[in-house]
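Asker: One file is attached below, my_file_14.cif, containing mmCIF, C-alpha atoms.
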data_coords
#
loop_
_atom_site.label_atom_id
_atom_site.label_comp_id
_atom_site.auth_asym_id
_atom_site.auth_seq_id
_atom_site.Cartn_x
_atom_site.Cartn_y
_atom_site.Cartn_z
CA MET A 833 -81.65 -62.38 211.47
CA GLN A 834 -81.88 -59.52 208.99
CA GLU A 835 -79.11 -61.07 206.83
CA GLU A 836 -80.88 -64.43 206.68
CA LYS A 837 -84.01 -62.71 205.42
CA ILE A 838 -82.02 -60.87 202.72
CA ILE A 839 -80.31 -64.08 201.59
CA ALA A 840 -83.62 -65.93 201.46
CA ALA A 841 -85.01 -63.09 199.31
CA LEU A 842 -81.97 -63.29 197.03
CA LYS A 843 -82.49 -67.02 196.61
CA ASN A 844 -86.08 -66.27 195.59
CA GLN A 845 -84.79 -63.61 193.13
CA GLU A 846 -86.59 -60.77 194.90
CA GLU A 847 -85.20 -57.52 193.53
CA TRP A 848 -85.67 -55.53 196.73
CA ALA A 849 -82.93 -57.65 198.33
CA ILE A 850 -80.27 -56.81 195.76
CA ASP A 851 -81.37 -53.16 195.78
CA LEU A 852 -80.96 -53.11 199.55
CA LEU A 853 -77.47 -54.64 199.33
CA MET A 854 -76.42 -52.16 196.66
CA THR A 855 -77.67 -49.22 198.69
CA LYS A 856 -76.15 -50.45 201.92
CA TYR A 857 -72.76 -51.75 200.68
CA SER A 858 -71.79 -49.88 197.50
CA LYS A 859 -69.64 -47.33 199.33
CA LEU A 860 -67.88 -50.08 201.28
CA LEU A 861 -67.08 -52.02 198.11
CA TRP A 862 -65.84 -48.84 196.42
CA SER A 863 -63.54 -48.19 199.37
CA ILE A 864 -62.06 -51.68 198.87
CA VAL A 865 -61.78 -51.60 195.07
CA TYR A 866 -60.44 -48.06 194.68
CA PRO A 867 -57.05 -48.45 196.44
CA ILE A 868 -56.30 -51.57 194.41
CA LEU A 869 -57.30 -50.25 190.97
CA HIS A 870 -56.98 -46.46 191.03
CA ASN A 871 -53.46 -46.41 189.49
CA ILE A 872 -54.12 -48.87 186.70
CA ALA A 873 -57.81 -48.80 185.82
CA ALA A 874 -60.37 -46.27 184.70
CA GLU A 875 -63.34 -45.36 186.87
CA GLU A 876 -65.57 -47.47 184.62
CA ASP A 877 -63.44 -50.52 185.43
CA MET A 878 -63.86 -49.88 189.14
CA GLU A 879 -67.62 -49.48 188.71
CA GLU A 880 -67.72 -52.71 186.77
CA CYS A 881 -65.76 -54.47 189.48
CA VAL A 882 -68.25 -53.38 192.15
CA ALA A 883 -71.14 -54.32 189.87
CA ASP A 884 -69.59 -57.77 189.32
CA VAL A 885 -69.86 -58.42 193.05
CA PHE A 886 -73.57 -57.65 193.09
CA ILE A 887 -74.16 -59.67 189.93
CA TYR A 888 -72.36 -62.63 191.48
CA ILE A 889 -74.47 -62.36 194.65
CA TRP A 890 -77.64 -62.14 192.57
CA GLN A 891 -76.71 -65.17 190.46
CA LYS A 892 -75.25 -67.34 193.27
CA PRO A 893 -76.84 -66.45 196.59
CA GLN A 894 -76.47 -70.08 197.72
CA LYS A 895 -72.69 -69.51 198.00
CA ILE A 896 -73.20 -67.21 201.00
CA ASP A 897 -72.54 -69.08 204.24
CA LEU A 898 -73.66 -66.99 207.23
CA GLU A 899 -72.34 -69.59 209.63
CA ARG A 900 -68.77 -68.90 208.45
CA GLU A 901 -68.92 -65.12 208.05
CA LYS A 902 -71.15 -62.08 207.96
CA LEU A 903 -72.68 -60.89 204.69
CA LYS A 904 -70.69 -57.64 204.88
CA ASN A 905 -67.40 -59.55 205.20
CA TYR A 906 -68.34 -61.88 202.34
CA LEU A 907 -69.11 -58.93 200.04
CA ALA A 908 -65.83 -57.24 201.03
CA LEU A 909 -63.87 -60.40 200.29
CA LEU A 910 -65.57 -60.76 196.91
CA ALA A 911 -64.84 -57.12 196.04
CA ARG A 912 -61.19 -57.48 197.00
CA SER A 913 -60.71 -60.64 194.94
CA ARG A 914 -62.50 -59.13 191.92
CA ALA A 915 -60.31 -56.01 192.17
CA ILE A 916 -57.14 -58.10 192.38
CA GLU A 917 -58.25 -60.14 189.34
CA ARG A 918 -58.93 -56.92 187.43
CA TYR A 919 -55.56 -55.50 188.53
CA ARG A 920 -53.72 -58.57 187.24
CA GLU A 921 -55.67 -58.47 183.99
CA LYS A 922 -54.86 -54.79 183.46
CA SER A 923 -51.20 -55.33 184.39
CA ARG A 924 -50.81 -58.13 181.85
CA LEU A 925 -52.51 -56.02 179.21
CA ALA A 926 -50.24 -53.06 179.97
CA GLU A 927 -47.16 -55.31 179.79
CA CYS A 928 -48.29 -56.73 176.44
CA GLU A 929 -48.94 -53.26 175.05
CA LEU A 930 -45.53 -52.06 176.24
CA ALA A 931 -43.76 -55.08 174.74
CA GLU A 932 -45.66 -54.62 171.48
CA SER A 933 -44.79 -50.93 171.43
CA LEU A 934 -41.10 -51.65 172.06
CA LEU A 935 -41.11 -54.35 169.39
CA HIS A 936 -42.84 -51.99 166.96
CA ASP A 937 -40.34 -49.20 167.73
CA GLU A 938 -37.45 -51.62 167.27
CA ALA A 939 -38.89 -52.81 163.95
CA ASP A 940 -39.33 -49.20 162.82
CA LEU A 941 -35.75 -48.40 163.80
CA LEU A 942 -34.42 -51.45 161.97
CA GLU A 943 -36.54 -50.63 158.93
CA GLY A 944 -35.23 -47.06 158.98
CA VAL A 945 -31.62 -48.26 159.09
CA ILE A 946 -32.25 -50.69 156.24
CA GLN A 947 -33.94 -47.96 154.19
CA LYS A 948 -31.02 -45.58 154.75
CA GLU A 949 -28.51 -48.24 153.72
CA THR A 950 -30.57 -49.15 150.67
CA LEU A 951 -30.96 -45.49 149.72
CA ALA A 952 -27.20 -44.95 150.03
CA ARG A 953 -26.54 -48.00 147.85
CA LEU A 954 -29.10 -46.85 145.26
CA THR A 955 -27.58 -43.37 145.16
CA GLN A 956 -24.14 -44.89 144.63
CA LEU A 957 -25.47 -47.20 141.90
CA LEU A 958 -27.27 -44.36 140.11
CA ALA A 959 -24.06 -42.32 140.09
CA GLU A 960 -22.27 -45.20 138.35
CA ILE A 961 -24.71 -45.87 135.51
CA ASP A 962 -24.94 -44.27 132.10
CA GLU A 963 -26.42 -40.77 132.14
CA ARG A 964 -29.25 -41.69 129.76
CA GLU A 965 -30.20 -44.74 131.85
CA ARG A 966 -30.13 -42.64 135.02
CA GLU A 967 -32.42 -40.03 133.49
CA VAL A 968 -34.89 -42.68 132.31
CA LEU A 969 -34.94 -44.30 135.77
CA LEU A 970 -35.37 -40.97 137.56
CA ARG A 971 -38.15 -39.86 135.23
CA ARG A 972 -39.97 -43.17 135.67
CA HIS A 973 -39.54 -43.82 139.40
CA TYR A 974 -39.00 -40.38 140.89
CA TYR A 975 -41.17 -38.19 138.67
CA GLU A 976 -43.55 -41.11 137.95
CA GLN A 977 -43.69 -40.44 134.21
CA LYS A 978 -45.05 -43.10 131.88
CA PRO A 979 -42.71 -44.64 129.28
CA LYS A 980 -44.58 -42.75 126.51
CA GLU A 981 -43.96 -39.42 128.27
CA ILE A 982 -40.28 -40.24 128.77
CA ALA A 983 -39.90 -41.31 125.13
CA LYS A 984 -41.46 -38.07 123.96
CA ALA A 985 -39.28 -35.92 126.27
CA LEU A 986 -36.04 -37.70 125.29
CA GLU A 987 -37.04 -38.16 121.64
CA LEU A 988 -36.55 -41.93 121.76
CA PRO A 989 -38.85 -44.82 120.79
CA VAL A 990 -41.10 -46.14 123.56
CA LYS A 991 -39.68 -49.66 123.11
CA LYS A 992 -36.15 -48.30 123.73
CA ILE A 993 -37.33 -46.65 126.97
CA GLU A 994 -39.00 -49.89 128.10
CA ASN A 995 -35.80 -51.85 127.37
CA ILE A 996 -33.66 -49.34 129.29
CA LEU A 997 -36.04 -49.54 132.25
CA TYR A 998 -36.03 -53.32 132.21
CA ARG A 999 -32.26 -53.70 131.97
CA SER A 1000 -31.52 -50.94 134.50
CA LYS A 1001 -33.95 -52.33 137.08
CA ALA A 1002 -32.49 -55.80 136.62
CA LYS A 1003 -28.96 -54.44 137.18
CA VAL A 1004 -29.98 -52.50 140.28
CA ARG A 1005 -31.90 -55.48 141.70
CA GLU A 1006 -28.99 -57.85 141.09
CA SER A 1007 -26.52 -55.43 142.62
CA LEU A 1008 -28.68 -54.94 145.74
CA ILE A 1009 -29.32 -58.66 146.16
CA ASN A 1010 -25.69 -59.64 145.68
CA GLY A 1011 -24.47 -56.77 147.85
CA GLU A 1012 -22.12 -55.49 145.22
CA GLY A 1013 -21.06 -51.87 145.25
CA GLU A 1014 -20.89 -51.49 141.49
CA MET A 1015 -23.23 -52.29 138.65
CA ARG A 1016 -21.88 -54.16 135.67
#
Will you turn the file into structure tokens for me?
Answerer:
Amino acid sequence: MQEEKIIAALKNQEEWAIDLLMTKYSKLLWSIVYPILHNIAAEEDMEECVADVFIYIWQKPQKIDLEREKLKNYLALLARSRAIERYREKSRLAECELAESLLHDEADLLEGVIQKETLARLTQLLAEIDEREREVLLRRHYYEQKPKEIAKALELPVKKIENILYRSKAKVRESLINGEGEMR
């Protein structure tokens, strides 16, 4: 009889009814949700799961069928299914994050290997070019000097430095693209 009165109050959106349910059944719902979620979810997620049950009851009190089961059992069933849904959601998210992390690590590893190979090829190519060209390239790309600064330091015209940079970069690019070991 007491349950019928509470459900009727819920249907009429009387707040005392939901307050009574929360006071009476919160611990029970926590005891159902906790074992399912404690290894995968934060405490806030468990709180939210329990709150979802009360929100559902508040929004859809007509779904409660006292002829089929007691209110306590219905709330317990709702809590269990909400916790399982949350568990599955968190599991999928964790799997996606793990896969993304592994993919990212693999990409970083591949990128590192490619960078090492490229660096080795560049070092080899730099060793094979004319000493003046090598110095111009190093000053420009390693020391980040402007062509004017390089021209002044090497006592050459700026246009000559720009031409050396252009031709040398083109040779290096072509050699790297074609996979050749030597520059022509």
Asker: Taking the file as I've supplied it (selection: the PyMOL selection byres ((chain A and resi 885-901) around 8)), which residues are included? Please answer as a PDB file with C-alpha atoms, in the frame of the given file.
Answerer:
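Final output, part.pdb:
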ATOM      1  CA  GLU A 836     -80.880 -64.430 206.680  1.00  0.00           C
ATOM      2  CA  ILE A 839     -80.310 -64.080 201.590  1.00  0.00           C
ATOM      3  CA  LEU A 842     -81.970 -63.290 197.030  1.00  0.00           C
ATOM      4  CA  LYS A 843     -82.490 -67.020 196.610  1.00  0.00           C
ATOM      5  CA  GLN A 845     -84.790 -63.610 193.130  1.00  0.00           C
ATOM      6  CA  ILE A 850     -80.270 -56.810 195.760  1.00  0.00           C
ATOM      7  CA  LEU A 853     -77.470 -54.640 199.330  1.00  0.00           C
ATOM      8  CA  MET A 854     -76.420 -52.160 196.660  1.00  0.00           C
ATOM      9  CA  CYS A 881     -65.760 -54.470 189.480  1.00  0.00           C
ATOM     10  CA  VAL A 882     -68.250 -53.380 192.150  1.00  0.00           C
ATOM     11  CA  ALA A 883     -71.140 -54.320 189.870  1.00  0.00           C
ATOM     12  CA  ASP A 884     -69.590 -57.770 189.320  1.00  0.00           C
ATOM     13  CA  LYS A 902     -71.150 -62.080 207.960  1.00  0.00           C
ATOM     14  CA  LEU A 903     -72.680 -60.890 204.690  1.00  0.00           C
ATOM     15  CA  ASN A 905     -67.400 -59.550 205.200  1.00  0.00           C
ATOM     16  CA  TYR A 906     -68.340 -61.880 202.340  1.00  0.00           C
ATOM     17  CA  LEU A 907     -69.110 -58.930 200.040  1.00  0.00           C
ATOM     18  CA  LEU A 910     -65.570 -60.760 196.910  1.00  0.00           C
ATOM     19  CA  ALA A 911     -64.840 -57.120 196.040  1.00  0.00           C
ATOM     20  CA  ARG A 914     -62.500 -59.130 191.920  1.00  0.00           C
TER      21      ARG A 914
END
Asker: Using only C-alpha atoms, pick whichever of A:Leu986, A:Val865, A:Ala874, A:Ala908 has the shortest atom-to-atom distance to Glu965 (chain A).
Answerer: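 Looking at the shortest contact to Glu965 (chain A), the residue is A:Leu986.
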Asker: Would you mind listing what lies within 10 Å of Ala873 (chain A) as number ranges by chain, with all atoms listed in the file counted and same-chain residues fewer than 3 positions away left out?
Answerer: A: 866, 868-870, 876-878, 915, 918-919, 922-923
Asker: May I ask which of the residues A:Ile916, A:Ser1007, A:His973, A:Val968 is the closest one to Glu987 (chain A), counting all atoms listed in the file?
Answerer: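 Of A:Ile916, A:Ser1007, A:His973, A:Val968, the one nearest Glu987 (chain A), counting all atoms listed in the file, is A:Val968.
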Asker: Could you check which of A:Ile946, A:Ala840, A:Ile996, A:Leu1008 is closest to Asp962 (chain A), using all atoms listed in the file?
Answerer: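 Closest to Asp962 (chain A) of all the choices is A:Ile996.
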Asker: Take the PyMOL selection byres ((chain A and resi 997) around 12), apply it to the structure above, and return the hits as a tab-separated table (two decimals) with C-alpha atoms, in the coordinates of the input.
Answerer:
chain	number	residue	atom	x	y	z
A	964	ARG	CA	-29.25	-41.69	129.76
A	965	GLU	CA	-30.20	-44.74	131.85
A	966	ARG	CA	-30.13	-42.64	135.02
A	967	GLU	CA	-32.42	-40.03	133.49
A	968	VAL	CA	-34.89	-42.68	132.31
A	969	LEU	CA	-34.94	-44.30	135.77
A	970	LEU	CA	-35.37	-40.97	137.56
A	971	ARG	CA	-38.15	-39.86	135.23
A	972	ARG	CA	-39.97	-43.17	135.67
A	973	HIS	CA	-39.54	-43.82	139.40
A	978	LYS	CA	-45.05	-43.10	131.88
A	979	PRO	CA	-42.71	-44.64	129.28
A	982	ILE	CA	-40.28	-40.24	128.77
A	983	ALA	CA	-39.90	-41.31	125.13
A	990	VAL	CA	-41.10	-46.14	123.56
A	991	LYS	CA	-39.68	-49.66	123.11
A	992	LYS	CA	-36.15	-48.30	123.73
A	993	ILE	CA	-37.33	-46.65	126.97
A	994	GLU	CA	-39.00	-49.89	128.10
A	995	ASN	CA	-35.80	-51.85	127.37
A	996	ILE	CA	-33.66	-49.34	129.29
A	998	TYR	CA	-36.03	-53.32	132.21
A	999	ARG	CA	-32.26	-53.70	131.97
A	1000	SER	CA	-31.52	-50.94	134.50
A	1001	LYS	CA	-33.95	-52.33	137.08
A	1002	ALA	CA	-32.49	-55.80	136.62
A	1003	LYS	CA	-28.96	-54.44	137.18
A	1004	VAL	CA	-29.98	-52.50	140.28
A	1005	ARG	CA	-31.90	-55.48	141.70
